[in-house]
Every structure is written in structure tokens, then in C-alpha cells.
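> mmCIF, C-alpha atoms, pLDDT in the B column; chains and numbers go by the auth columns, file structure26.cif:
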data_target
#
loop_
_atom_site.group_PDB
_atom_site.id
_atom_site.type_symbol
_atom_site.label_atom_id
_atom_site.label_comp_id
_atom_site.label_asym_id
_atom_site.label_seq_id
_atom_site.Cartn_x
_atom_site.Cartn_y
_atom_site.Cartn_z
_atom_site.B_iso_or_equiv
_atom_site.auth_seq_id
_atom_site.auth_asym_id
ATOM 1 C CA MET A 1 32.151 157.119 84.371 47.00 1138 A
ATOM 2 C CA SER A 2 30.247 156.897 81.106 52.00 1139 A
ATOM 3 C CA LYS A 3 30.853 160.242 79.435 58.00 1140 A
ATOM 4 C CA THR A 4 27.418 160.449 77.894 79.00 1141 A
ATOM 5 C CA MET A 5 25.380 159.392 80.926 89.00 1142 A
ATOM 6 C CA LYS A 6 22.843 162.001 82.024 93.00 1143 A
ATOM 7 C CA VAL A 7 19.737 162.480 84.137 96.00 1144 A
ATOM 8 C CA GLY A 8 16.747 161.242 82.162 97.00 1145 A
ATOM 9 C CA ASP A 9 18.566 158.343 80.500 96.00 1146 A
ATOM 10 C CA SER A 10 16.361 155.292 80.665 97.00 1147 A
ATOM 11 C CA ALA A 11 15.883 151.723 79.537 96.00 1148 A
ATOM 12 C CA SER A 12 12.962 149.362 79.593 97.00 1149 A
ATOM 13 C CA VAL A 13 12.153 145.735 78.930 97.00 1150 A
ATOM 14 C CA THR A 14 8.875 143.872 78.494 97.00 1151 A
ATOM 15 C CA LYS A 15 8.574 140.298 79.658 97.00 1152 A
ATOM 16 C CA VAL A 16 5.975 137.574 80.155 97.00 1153 A
ATOM 17 C CA PHE A 17 6.983 135.154 82.894 96.00 1154 A
ATOM 18 C CA THR A 18 5.858 131.658 82.000 95.00 1155 A
ATOM 19 C CA GLU A 19 4.786 128.826 84.282 95.00 1156 A
ATOM 20 C CA GLU A 20 8.085 127.079 83.550 96.00 1157 A
ATOM 21 C CA GLU A 21 10.161 130.135 84.498 96.00 1158 A
ATOM 22 C CA VAL A 22 8.217 130.604 87.734 96.00 1159 A
ATOM 23 C CA ARG A 23 8.777 126.914 88.567 97.00 1160 A
ATOM 24 C CA GLN A 24 12.505 127.264 87.858 96.00 1161 A
ATOM 25 C CA PHE A 25 12.747 130.373 90.046 96.00 1162 A
ATOM 26 C CA ALA A 26 10.869 128.583 92.839 95.00 1163 A
ATOM 27 C CA THR A 27 13.371 125.735 92.647 96.00 1164 A
ATOM 28 C CA ILE A 28 16.457 127.979 92.553 96.00 1165 A
ATOM 29 C CA SER A 29 15.308 130.321 95.329 94.00 1166 A
ATOM 30 C CA GLY A 30 13.457 127.775 97.426 93.00 1167 A
ATOM 31 C CA ASP A 31 10.345 129.972 97.506 92.00 1168 A
ATOM 32 C CA THR A 32 7.816 127.240 96.805 92.00 1169 A
ATOM 33 C CA ASN A 33 4.796 129.084 98.196 91.00 1170 A
ATOM 34 C CA PRO A 34 1.740 127.504 96.512 92.00 1171 A
ATOM 35 C CA ILE A 35 0.452 130.922 95.418 92.00 1172 A
ATOM 36 C CA HIS A 36 3.114 130.710 92.690 92.00 1173 A
ATOM 37 C CA LEU A 37 2.860 127.017 91.836 93.00 1174 A
ATOM 38 C CA ASP A 38 -0.506 125.491 92.703 93.00 1175 A
ATOM 39 C CA LYS A 39 -3.349 126.394 90.336 94.00 1176 A
ATOM 40 C CA GLU A 40 -6.145 125.290 92.664 95.00 1177 A
ATOM 41 C CA PHE A 41 -4.642 126.883 95.766 93.00 1178 A
ATOM 42 C CA ALA A 42 -4.149 130.154 93.886 93.00 1179 A
ATOM 43 C CA ALA A 43 -7.696 130.044 92.483 94.00 1180 A
ATOM 44 C CA ALA A 44 -9.029 129.990 96.044 93.00 1181 A
ATOM 45 C CA SER A 45 -6.707 132.811 97.172 90.00 1182 A
ATOM 46 C CA VAL A 46 -7.246 136.563 97.271 89.00 1183 A
ATOM 47 C CA PHE A 47 -5.472 136.811 93.884 90.00 1184 A
ATOM 48 C CA GLY A 48 -7.665 134.210 92.120 93.00 1185 A
ATOM 49 C CA GLN A 49 -4.737 133.009 89.995 94.00 1186 A
ATOM 50 C CA ARG A 50 -1.100 132.042 90.340 95.00 1187 A
ATOM 51 C CA VAL A 51 1.209 135.053 90.718 95.00 1188 A
ATOM 52 C CA VAL A 52 4.821 135.589 89.746 96.00 1189 A
ATOM 53 C CA HIS A 53 7.252 135.943 92.659 95.00 1190 A
ATOM 54 C CA GLY A 54 7.697 139.664 93.348 96.00 1191 A
ATOM 55 C CA MET A 55 11.466 139.241 93.486 96.00 1192 A
ATOM 56 C CA LEU A 56 11.449 137.564 90.082 97.00 1193 A
ATOM 57 C CA THR A 57 9.599 140.494 88.521 97.00 1194 A
ATOM 58 C CA ALA A 58 11.956 142.838 90.364 97.00 1195 A
ATOM 59 C CA SER A 59 14.920 141.028 88.830 97.00 1196 A
ATOM 60 C CA LEU A 60 14.067 142.874 85.607 97.00 1197 A
ATOM 61 C CA PHE A 61 15.547 145.998 87.228 97.00 1198 A
ATOM 62 C CA SER A 62 18.809 144.108 87.686 94.00 1199 A
ATOM 63 C CA THR A 63 18.616 143.112 84.030 94.00 1200 A
ATOM 64 C CA LEU A 64 18.196 146.708 82.894 96.00 1201 A
ATOM 65 C CA LEU A 65 21.066 147.917 85.082 94.00 1202 A
ATOM 66 C CA GLY A 66 23.403 144.995 84.525 88.00 1203 A
ATOM 67 C CA ALA A 67 22.817 144.233 80.875 85.00 1204 A
ATOM 68 C CA LYS A 68 21.122 147.207 79.191 89.00 1205 A
ATOM 69 C CA LEU A 69 21.645 150.735 80.481 92.00 1206 A
ATOM 70 C CA PHE A 70 25.282 150.760 81.522 87.00 1207 A
ATOM 71 C CA GLU A 71 27.484 149.417 78.760 70.00 1208 A
ATOM 72 C CA ASP A 72 30.667 149.583 80.785 73.00 1209 A
ATOM 73 C CA GLY A 73 29.229 147.752 83.757 78.00 1210 A
ATOM 74 C CA ALA A 74 27.609 148.817 86.989 89.00 1211 A
ATOM 75 C CA ILE A 75 27.917 147.604 90.542 92.00 1212 A
ATOM 76 C CA TYR A 76 24.547 147.205 92.224 94.00 1213 A
ATOM 77 C CA LEU A 77 24.595 149.072 95.539 97.00 1214 A
ATOM 78 C CA GLY A 78 20.951 149.140 96.518 98.00 1215 A
ATOM 79 C CA GLN A 79 17.350 148.642 95.546 98.00 1216 A
ATOM 80 C CA SER A 80 14.068 149.570 97.201 98.00 1217 A
ATOM 81 C CA LEU A 81 10.908 147.791 96.135 98.00 1218 A
ATOM 82 C CA SER A 82 7.282 148.518 96.863 98.00 1219 A
ATOM 83 C CA PHE A 83 5.040 145.722 95.610 98.00 1220 A
ATOM 84 C CA LYS A 84 1.820 147.468 94.573 97.00 1221 A
ATOM 85 C CA ALA A 85 -0.137 144.787 92.733 96.00 1222 A
ATOM 86 C CA PRO A 86 0.288 141.130 91.818 95.00 1223 A
ATOM 87 C CA VAL A 87 1.706 139.970 88.481 96.00 1224 A
ATOM 88 C CA LEU A 88 -0.163 136.969 87.119 95.00 1225 A
ATOM 89 C CA LEU A 89 1.523 134.120 85.276 94.00 1226 A
ATOM 90 C CA GLY A 90 1.452 134.818 81.547 92.00 1227 A
ATOM 91 C CA GLU A 91 0.851 138.550 82.041 95.00 1228 A
ATOM 92 C CA ALA A 92 3.127 140.997 80.196 97.00 1229 A
ATOM 93 C CA VAL A 93 5.009 143.442 82.415 98.00 1230 A
ATOM 94 C CA THR A 94 7.273 146.301 81.440 98.00 1231 A
ATOM 95 C CA ALA A 95 10.096 147.317 83.748 98.00 1232 A
ATOM 96 C CA SER A 96 11.805 150.677 83.330 98.00 1233 A
ATOM 97 C CA VAL A 97 14.671 152.474 85.012 98.00 1234 A
ATOM 98 C CA GLU A 98 15.460 156.149 84.614 98.00 1235 A
ATOM 99 C CA ILE A 99 18.418 158.086 85.958 97.00 1236 A
ATOM 100 C CA ILE A 100 17.189 160.702 88.431 98.00 1237 A
ATOM 101 C CA LYS A 101 20.461 161.660 90.117 97.00 1238 A
ATOM 102 C CA ILE A 102 24.182 161.465 89.412 96.00 1239 A
ATOM 103 C CA ARG A 103 26.516 162.329 92.261 95.00 1240 A
ATOM 104 C CA GLU A 104 29.136 164.894 91.432 92.00 1241 A
ATOM 105 C CA ASP A 105 31.838 163.516 93.707 93.00 1242 A
ATOM 106 C CA LYS A 106 31.504 159.826 92.841 92.00 1243 A
ATOM 107 C CA PRO A 107 30.108 157.813 89.912 91.00 1244 A
ATOM 108 C CA ILE A 108 27.057 156.804 91.945 96.00 1245 A
ATOM 109 C CA VAL A 109 23.729 156.959 90.184 97.00 1246 A
ATOM 110 C CA THR A 110 20.171 156.820 91.514 98.00 1247 A
ATOM 111 C CA LEU A 111 17.398 155.605 89.251 98.00 1248 A
ATOM 112 C CA ARG A 112 13.635 155.487 89.483 98.00 1249 A
ATOM 113 C CA ALA A 113 12.555 151.883 88.928 98.00 1250 A
ATOM 114 C CA VAL A 114 8.995 151.121 87.895 98.00 1251 A
ATOM 115 C CA CYS A 115 7.235 148.047 86.591 98.00 1252 A
ATOM 116 C CA VAL A 116 3.761 148.258 85.024 98.00 1253 A
ATOM 117 C CA ASN A 117 1.395 145.601 83.726 95.00 1254 A
ATOM 118 C CA SER A 118 -0.299 145.614 80.339 90.00 1255 A
ATOM 119 C CA LYS A 119 -3.119 147.790 81.700 93.00 1256 A
ATOM 120 C CA GLY A 120 -0.574 150.433 82.711 94.00 1257 A
ATOM 121 C CA GLN A 121 -1.047 149.670 86.407 97.00 1258 A
ATOM 122 C CA VAL A 122 2.094 150.057 88.524 98.00 1259 A
ATOM 123 C CA VAL A 123 2.980 146.676 90.002 98.00 1260 A
ATOM 124 C CA ILE A 124 6.378 147.570 91.519 98.00 1261 A
ATOM 125 C CA GLU A 125 8.051 150.885 92.183 98.00 1262 A
ATOM 126 C CA GLY A 126 11.271 151.793 93.872 98.00 1263 A
ATOM 127 C CA GLU A 127 14.743 153.180 93.449 98.00 1264 A
ATOM 128 C CA SER A 128 17.986 151.621 92.303 98.00 1265 A
ATOM 129 C CA ILE A 129 21.463 152.762 93.267 98.00 1266 A
ATOM 130 C CA VAL A 130 24.487 151.726 91.226 97.00 1267 A
ATOM 131 C CA LYS A 131 28.134 152.595 90.956 95.00 1268 A
ATOM 132 C CA VAL A 132 29.072 152.850 87.321 91.00 1269 A
ATOM 133 C CA ALA A 133 32.408 152.104 85.727 77.00 1270 A
ATOM 134 C CA MET B 1 -3.012 137.254 111.955 47.00 18 B
ATOM 135 C CA SER B 2 -0.941 134.424 113.327 52.00 19 B
ATOM 136 C CA LYS B 3 -1.789 134.286 117.025 58.00 20 B
ATOM 137 C CA THR B 4 1.706 133.346 118.097 79.00 21 B
ATOM 138 C CA MET B 5 3.636 135.848 115.955 89.00 22 B
ATOM 139 C CA LYS B 6 5.827 138.211 117.988 93.00 23 B
ATOM 140 C CA VAL B 7 8.718 140.626 117.700 96.00 24 B
ATOM 141 C CA GLY B 8 11.933 138.636 117.630 97.00 25 B
ATOM 142 C CA ASP B 9 10.533 135.717 115.645 96.00 26 B
ATOM 143 C CA SER B 10 13.027 134.780 112.967 97.00 27 B
ATOM 144 C CA ALA B 11 13.921 132.288 110.292 96.00 28 B
ATOM 145 C CA SER B 12 17.070 131.616 108.327 97.00 29 B
ATOM 146 C CA VAL B 13 18.286 129.549 105.429 97.00 30 B
ATOM 147 C CA THR B 14 21.757 128.687 104.150 97.00 31 B
ATOM 148 C CA LYS B 15 22.336 128.224 100.451 97.00 32 B
ATOM 149 C CA VAL B 16 25.156 127.767 97.965 97.00 33 B
ATOM 150 C CA PHE B 17 24.235 129.077 94.520 96.00 34 B
ATOM 151 C CA THR B 18 25.760 126.872 91.856 95.00 35 B
ATOM 152 C CA GLU B 19 26.958 127.820 88.387 95.00 36 B
ATOM 153 C CA GLU B 20 23.918 126.069 86.924 96.00 37 B
ATOM 154 C CA GLU B 21 21.491 128.030 89.125 96.00 38 B
ATOM 155 C CA VAL B 22 23.167 131.326 88.252 96.00 39 B
ATOM 156 C CA ARG B 23 22.916 130.440 84.549 97.00 40 B
ATOM 157 C CA GLN B 24 19.237 129.586 84.936 96.00 41 B
ATOM 158 C CA PHE B 25 18.537 132.844 86.754 96.00 42 B
ATOM 159 C CA ALA B 26 20.402 134.780 84.041 95.00 43 B
ATOM 160 C CA THR B 27 18.220 133.138 81.416 96.00 44 B
ATOM 161 C CA ILE B 28 14.939 133.702 83.281 96.00 45 B
ATOM 162 C CA SER B 29 15.665 137.304 84.246 94.00 46 B
ATOM 163 C CA GLY B 30 17.618 138.283 81.141 93.00 47 B
ATOM 164 C CA ASP B 31 20.493 139.596 83.289 92.00 48 B
ATOM 165 C CA THR B 32 23.326 138.060 81.295 92.00 49 B
ATOM 166 C CA ASN B 33 26.043 140.407 82.535 91.00 50 B
ATOM 167 C CA PRO B 34 29.340 138.522 82.056 92.00 51 B
ATOM 168 C CA ILE B 35 30.351 139.137 85.680 92.00 52 B
ATOM 169 C CA HIS B 36 27.898 136.339 86.515 92.00 53 B
ATOM 170 C CA LEU B 37 28.574 134.017 83.596 93.00 54 B
ATOM 171 C CA ASP B 38 32.021 134.483 82.067 93.00 55 B
ATOM 172 C CA LYS B 39 34.893 133.029 84.097 94.00 56 B
ATOM 173 C CA GLU B 40 37.644 134.933 82.269 95.00 57 B
ATOM 174 C CA PHE B 41 35.802 138.241 82.235 93.00 58 B
ATOM 175 C CA ALA B 42 35.101 137.899 85.951 93.00 59 B
ATOM 176 C CA ALA B 43 38.712 136.962 86.703 94.00 60 B
ATOM 177 C CA ALA B 44 39.826 140.271 85.194 93.00 61 B
ATOM 178 C CA SER B 45 37.161 142.250 87.081 90.00 62 B
ATOM 179 C CA VAL B 46 37.313 144.008 90.440 89.00 63 B
ATOM 180 C CA PHE B 47 35.709 140.904 92.009 90.00 64 B
ATOM 181 C CA GLY B 48 38.268 138.434 90.601 93.00 65 B
ATOM 182 C CA GLN B 49 35.628 135.704 90.253 94.00 66 B
ATOM 183 C CA ARG B 50 32.081 135.245 89.013 95.00 67 B
ATOM 184 C CA VAL B 51 29.481 136.636 91.390 95.00 68 B
ATOM 185 C CA VAL B 52 25.894 135.632 92.078 96.00 69 B
ATOM 186 C CA HIS B 53 23.267 138.149 90.958 95.00 70 B
ATOM 187 C CA GLY B 54 22.389 140.323 93.961 96.00 71 B
ATOM 188 C CA MET B 55 18.700 139.882 93.277 96.00 72 B
ATOM 189 C CA LEU B 56 19.099 136.103 93.265 97.00 73 B
ATOM 190 C CA THR B 57 20.744 136.163 96.683 97.00 74 B
ATOM 191 C CA ALA B 58 18.034 138.584 97.841 97.00 75 B
ATOM 192 C CA SER B 59 15.374 136.122 96.703 97.00 76 B
ATOM 193 C CA LEU B 60 16.249 134.113 99.814 97.00 77 B
ATOM 194 C CA PHE B 61 14.359 136.754 101.816 97.00 78 B
ATOM 195 C CA SER B 62 11.281 136.019 99.717 94.00 79 B
ATOM 196 C CA THR B 63 11.817 132.333 100.436 94.00 80 B
ATOM 197 C CA LEU B 64 11.937 132.902 104.178 96.00 81 B
ATOM 198 C CA LEU B 65 8.829 135.102 104.133 94.00 82 B
ATOM 199 C CA GLY B 66 6.824 133.097 101.613 88.00 83 B
ATOM 200 C CA ALA B 67 7.724 129.578 102.538 85.00 84 B
ATOM 201 C CA LYS B 68 9.222 129.506 106.053 89.00 85 B
ATOM 202 C CA LEU B 69 8.274 132.116 108.642 92.00 86 B
ATOM 203 C CA PHE B 70 4.577 132.688 107.953 87.00 87 B
ATOM 204 C CA GLU B 71 2.726 129.394 107.824 71.00 88 B
ATOM 205 C CA ASP B 72 -0.588 130.959 106.902 72.00 89 B
ATOM 206 C CA GLY B 73 0.808 133.000 104.053 78.00 90 B
ATOM 207 C CA ALA B 74 2.105 136.528 103.691 89.00 91 B
ATOM 208 C CA ILE B 75 1.692 139.164 101.023 92.00 92 B
ATOM 209 C CA TYR B 76 4.974 140.842 100.146 94.00 93 B
ATOM 210 C CA LEU B 77 4.538 144.612 100.382 97.00 94 B
ATOM 211 C CA GLY B 78 8.076 145.884 100.235 98.00 95 B
ATOM 212 C CA GLN B 79 11.774 145.174 100.451 98.00 96 B
ATOM 213 C CA SER B 80 14.821 147.368 100.755 98.00 97 B
ATOM 214 C CA LEU B 81 18.213 145.984 99.833 98.00 98 B
ATOM 215 C CA SER B 82 21.697 147.305 100.389 98.00 99 B
ATOM 216 C CA PHE B 83 24.289 145.214 98.584 98.00 100 B
ATOM 217 C CA LYS B 84 27.377 145.363 100.803 97.00 101 B
ATOM 218 C CA ALA B 85 29.688 142.768 99.312 96.00 102 B
ATOM 219 C CA PRO B 86 29.699 140.326 96.415 95.00 103 B
ATOM 220 C CA VAL B 87 28.627 136.696 96.738 96.00 104 B
ATOM 221 C CA LEU B 88 30.868 134.362 94.761 95.00 105 B
ATOM 222 C CA LEU B 89 29.603 131.320 92.912 94.00 106 B
ATOM 223 C CA GLY B 90 29.821 128.289 95.165 92.00 107 B
ATOM 224 C CA GLU B 91 30.025 130.387 98.345 95.00 108 B
ATOM 225 C CA ALA B 92 27.629 129.555 101.197 97.00 109 B
ATOM 226 C CA VAL B 93 25.385 132.420 102.285 98.00 110 B
ATOM 227 C CA THR B 94 22.913 132.539 105.150 98.00 111 B
ATOM 228 C CA ALA B 95 19.854 134.758 104.863 98.00 112 B
ATOM 229 C CA SER B 96 17.845 135.649 107.953 98.00 113 B
ATOM 230 C CA VAL B 97 14.710 137.642 108.647 98.00 114 B
ATOM 231 C CA GLU B 98 13.578 138.781 112.087 98.00 115 B
ATOM 232 C CA ILE B 99 10.360 140.522 113.048 97.00 116 B
ATOM 233 C CA ILE B 100 11.165 143.982 114.395 98.00 117 B
ATOM 234 C CA LYS B 101 7.696 145.576 114.329 97.00 118 B
ATOM 235 C CA ILE B 102 4.068 144.467 114.216 96.00 119 B
ATOM 236 C CA ARG B 103 1.466 147.160 113.592 95.00 120 B
ATOM 237 C CA GLU B 104 -1.331 147.242 116.111 92.00 121 B
ATOM 238 C CA ASP B 105 -4.048 148.404 113.694 93.00 122 B
ATOM 239 C CA LYS B 106 -3.255 146.085 110.764 92.00 123 B
ATOM 240 C CA PRO B 107 -1.454 142.750 110.337 91.00 124 B
ATOM 241 C CA ILE B 108 1.522 144.455 108.737 96.00 125 B
ATOM 242 C CA VAL B 109 4.932 143.271 109.858 97.00 126 B
ATOM 243 C CA THR B 110 8.397 144.772 109.374 98.00 127 B
ATOM 244 C CA LEU B 111 11.416 142.501 109.447 98.00 128 B
ATOM 245 C CA ARG B 112 15.150 143.041 109.473 98.00 129 B
ATOM 246 C CA ALA B 113 16.625 141.118 106.542 98.00 130 B
ATOM 247 C CA VAL B 114 20.303 140.211 106.529 98.00 131 B
ATOM 248 C CA CYS B 115 22.432 137.904 104.461 98.00 132 B
ATOM 249 C CA VAL B 116 25.954 136.940 105.547 98.00 133 B
ATOM 250 C CA ASN B 117 28.665 134.878 103.899 95.00 134 B
ATOM 251 C CA SER B 118 30.547 132.004 105.490 90.00 135 B
ATOM 252 C CA LYS B 119 33.043 134.455 107.024 93.00 136 B
ATOM 253 C CA GLY B 120 30.184 136.231 108.802 94.00 137 B
ATOM 254 C CA GLN B 121 30.512 139.283 106.541 97.00 138 B
ATOM 255 C CA VAL B 122 27.222 141.026 105.743 98.00 139 B
ATOM 256 C CA VAL B 123 26.590 140.814 102.005 98.00 140 B
ATOM 257 C CA ILE B 124 23.037 142.215 101.941 98.00 141 B
ATOM 258 C CA GLU B 125 21.003 144.071 104.519 98.00 142 B
ATOM 259 C CA GLY B 126 17.592 145.647 104.378 98.00 143 B
ATOM 260 C CA GLU B 127 14.025 145.509 105.604 98.00 144 B
ATOM 261 C CA SER B 128 11.044 143.466 104.493 98.00 145 B
ATOM 262 C CA ILE B 129 7.414 144.477 104.891 98.00 146 B
ATOM 263 C CA VAL B 130 4.650 141.885 104.641 97.00 147 B
ATOM 264 C CA LYS B 131 0.941 141.653 105.317 95.00 148 B
ATOM 265 C CA VAL B 132 0.212 138.393 107.069 91.00 149 B
ATOM 266 C CA ALA B 133 -2.934 136.301 106.920 77.00 150 B
#
Could you take the file, read its structure, and then write that structure out as C-alpha cells?

Amino acid sequence: MSKTMKVGDSASVTKVFTEEEVRQFATISGDTNPIHLDKEFAAASVFGQRVVHGMLTASLFSTLLGAKLFEDGAIYLGQSLSFKAPVLLGEAVTASVEIIKIREDKPIVTLRAVCVNSKGQVVIEGESIVKVA
Amino acid sequence: MSKTMKVGDSASVTKVFTEEEVRQFATISGDTNPIHLDKEFAAASVFGQRVVHGMLTASLFSTLLGAKLFEDGAIYLGQSLSFKAPVLLGEAVTASVEIIKIREDKPIVTLRAVCVNSKGQVVIEGESIVKVA
């Protein structure tokens, strides 16, 4: 277990998902719902514009856990996600994770995971669970 | 609400994530952990081989909800994910969602979400919550 890891440790990343990235994710995942891809369809929808796949935005939590916060590696055990508001294409979002619990018996860590848009509105919230090296 | 929707309705999809798709997802998400990308690093790891990002495999649930099961569209409200076993690059996985609850007051649907590998081993399990049109 990382010797210096403690409750309150956090990491964050800001990202703008582009049209091209959303198209690539749609192709890789197979989620080709027109709300993500079709400008006219999205304009007529409840959102008024194309939105980024929720799971693509949520992948920023994986990025923070897998490539930022835990230098020695972490095994992803679980993630809960509550999608609170849409993320529009071209909109900046900031994802953050913060350690809220470290088990004493095992190197298993629980983190609060939150993603906000540029207005500070929470777009995703949940918890991550990882086993750290 | 879809008139014909009922508890027990399900959809599934089988997919093999390729090296190229995993690289693309790493680039889009920023999760460039070497366990997904570096053959030698992965060979020396607990997994022995490169593994697909858990959130990429989990995106198959989004695909089923957004582009398969609900013809008239669905708004993703929540997803829980428990990562039970790794998915190796080039390994076939089958994701399934099944309606387990439909609220009577609102068109909000809970689904069991499971992903298994070609040996029938559960690699991800969780629940999806969507609001349907």
C-alpha cells in the first residue's frame, strides 16, 4: 500500500469532449444513439443539443484512479454513478476523486467521485472502490 | 412509456475489444495506465496480459440501454458496477441487461446489468436505472 496515502487525498482533471471523440466512443462502444451524434435529432430533444455519453464522461474517474492518483497502480473494484445533468459536446467538465475511506485490514480504498460542468453544476456523482498496490 | 415494456425484457450484445479500440479509448479518456497498453508491463503484472479498461467494457451497458432495448429513447440516470474479473484484450464478452423493476408512478426502470466472458465467468455486475420515453 502507498505509504503516504491518506483520507482527503484527491486528484482532478478537466476535459472537453469533442465531436470527434464522441463519434469514436460511439463506434468503439456501439452506443450510436442519435442524441450523441445527430445534431438535428438532438436539437429537437429535451436536451436541445448533442450530449456526451454518460459513460464516456464517467471514464474520467477511471483515468484519475488508473493514471493519476495511485502511482503504484490500482485495481478497479467498483463504481457507482448517478447521472445528474447532461454534458454537452464542447463543454468543459472537471472530474475529481477524493479518498474518503481506507480499510485497515486490506488496501481497499473508497473515494468520492464527482464531475462538475463549467457552471459548477454536478453532472455525475458516485463512489469508486479500488484495491491499491 | 413504451406500452409493451415489461419486467423480464432483456437485451444482450457480444463484443471483442481489440488492441486498437483499447488504444483509442485510452486516448479519449486519458486513462493510459500501462496495464491496458504495454504488453511487457502487463505480462509482468498480476493479470499476465493486457486488460480492457473496466469502464470500456461497462460502456456496453450504455449501448444496450441507449441503442438496443429502448426504441423510443432512454435517459441514463444511474449505474452501479462491480468489477469481478479482468477482461483481456481480444477476449469475447457478452453484456446483458434485464428489466427487474418498473415504477408505477414514473417511467423509471431498474435493470440488472451483467457482463460475462466466453467461459461464462461474470466480469462485471451491477444495476442500471433509466427514465424511458
> Give me, as a PyMOL selection string, the contact residues of chain B against chain A at a cut-off of 8 Å, counting all atoms listed in the file.
chain B and resi 38+41-42+45-50+71-73+75-77+79-81+83-84+93-101
> Within 6 Å of Ala112 of chain B, counting all atoms listed in the file, which residues show up once you throw out same-chain ones fewer than 4 positions away? Write them as an MDAnalysis selection string, please.
chainID B and resid 29:30 131:132
> Output C-alpha atoms of each residue in that selection to a file, as a PDB file, in the coordinates of the input.

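Once everything was written out, this is selection-v3.pdb:
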ATOM      1  CA  SER B  29      17.070 131.616 108.327  1.00 97.00           C
ATOM      2  CA  VAL B  30      18.286 129.549 105.429  1.00 97.00           C
ATOM      3  CA  VAL B 131      20.303 140.211 106.529  1.00 98.00           C
ATOM      4  CA  CYS B 132      22.432 137.904 104.461  1.00 98.00           C
TER       5      CYS B 132
END
> Could you check the closest approach to Phe1184 of chain A for each of A:Leu1248, A:Val1260, A:Leu1225, A:Ala1148 and tell me which residue wins, using all atoms listed in the file?
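Comparing A:Leu1248, A:Val1260, A:Leu1225, A:Ala1148 against Phe1184 of chain A, the winner is A:Leu1225.
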> Measure the distance from atom CA of Val69 of chain B to atom CA of Val104 of chain B in Å and round it to one decimal.
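A separation of 5.5 Å between them.
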> So how far away is atom CA of Thr31 of chain B from atom CA of Asp89 of chain B, in Å?
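If I compute the distance from atom CA of Asp89 of chain B to atom CA of Thr31 of chain B, I get 22.6 Å.
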> For the structure provided, state which residues fall under the PyMOL selection byres ((chain B and resi 114) around 6), and present them as a tab-separated table (two decimals) with C-alpha atoms, keeping the file's coordinate frame.

chain	number	residue	atom	x	y	z
B	27	SER	CA	13.03	134.78	112.97
B	28	ALA	CA	13.92	132.29	110.29
B	113	SER	CA	17.84	135.65	107.95
B	115	GLU	CA	13.58	138.78	112.09
B	128	LEU	CA	11.42	142.50	109.45
B	129	ARG	CA	15.15	143.04	109.47
B	130	ALA	CA	16.62	141.12	106.54
> Any idea what the distance is between atom CA of Ile117 of chain B and atom CA of Asp26 of chain B?
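So the two atoms, atom CA of Ile117 of chain B and atom CA of Asp26 of chain B, lie 8.4 Å apart.
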> Apply the PyMOL selection byres ((chain B and resi 109) around 8) to the structure shown and report the selected residues as a ChimeraX atom specification.
/B:31-34,107-108,110-111,134-135
> With 4 Å added on each side, what axis-aligned box encloses every listed atom of segment 126-129 of chain B? Give the centre and edge lengths in Å to one decimal, as JSON.

{"center_x": 10.0, "center_y": 143.6, "center_z": 109.6, "size_x": 18.2, "size_y": 10.3, "size_z": 8.5}
> Reconstruct segment 1172-1185 of chain A at the level of N, CA and C atoms, and format the result as a JSON list (two decimals), in the frame of the given file.

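The resulting file, result-v1.json, is shown below:
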[["chain", "number", "residue", "atom", "x", "y", "z"],
["A", 1172, "ILE", "N", 1.08, 129.83, 96.19],
["A", 1172, "ILE", "CA", 0.45, 130.92, 95.42],
["A", 1172, "ILE", "C", 1.11, 131.07, 94.04],
["A", 1173, "HIS", "N", 2.37, 130.62, 93.95],
["A", 1173, "HIS", "CA", 3.11, 130.71, 92.69],
["A", 1173, "HIS", "C", 3.00, 129.44, 91.85],
["A", 1174, "LEU", "N", 2.68, 128.31, 92.50],
["A", 1174, "LEU", "CA", 2.86, 127.02, 91.84],
["A", 1174, "LEU", "C", 1.59, 126.19, 91.71],
["A", 1175, "ASP", "N", 0.65, 126.39, 92.61],
["A", 1175, "ASP", "CA", -0.51, 125.49, 92.70],
["A", 1175, "ASP", "C", -1.76, 126.21, 92.19],
["A", 1176, "LYS", "N", -2.23, 125.74, 91.02],
["A", 1176, "LYS", "CA", -3.35, 126.39, 90.34],
["A", 1176, "LYS", "C", -4.60, 126.45, 91.21],
["A", 1177, "GLU", "N", -4.92, 125.35, 91.86],
["A", 1177, "GLU", "CA", -6.14, 125.29, 92.66],
["A", 1177, "GLU", "C", -6.03, 126.14, 93.92],
["A", 1178, "PHE", "N", -4.87, 126.06, 94.57],
["A", 1178, "PHE", "CA", -4.64, 126.88, 95.77],
["A", 1178, "PHE", "C", -4.77, 128.36, 95.40],
["A", 1179, "ALA", "N", -4.14, 128.74, 94.30],
["A", 1179, "ALA", "CA", -4.15, 130.15, 93.89],
["A", 1179, "ALA", "C", -5.56, 130.61, 93.52],
["A", 1180, "ALA", "N", -6.33, 129.70, 92.89],
["A", 1180, "ALA", "CA", -7.70, 130.04, 92.48],
["A", 1180, "ALA", "C", -8.55, 130.40, 93.70],
["A", 1181, "ALA", "N", -8.25, 129.76, 94.82],
["A", 1181, "ALA", "CA", -9.03, 129.99, 96.04],
["A", 1181, "ALA", "C", -8.47, 131.14, 96.87],
["A", 1182, "SER", "N", -7.36, 131.73, 96.40],
["A", 1182, "SER", "CA", -6.71, 132.81, 97.17],
["A", 1182, "SER", "C", -7.29, 134.18, 96.82],
["A", 1183, "VAL", "N", -6.82, 135.19, 97.51],
["A", 1183, "VAL", "CA", -7.25, 136.56, 97.27],
["A", 1183, "VAL", "C", -6.90, 137.01, 95.85],
["A", 1184, "PHE", "N", -5.89, 136.41, 95.23],
["A", 1184, "PHE", "CA", -5.47, 136.81, 93.88],
["A", 1184, "PHE", "C", -6.26, 136.10, 92.78],
["A", 1185, "GLY", "N", -6.84, 134.93, 93.09],
["A", 1185, "GLY", "CA", -7.66, 134.21, 92.12],
["A", 1185, "GLY", "C", -6.89, 133.43, 91.08]]
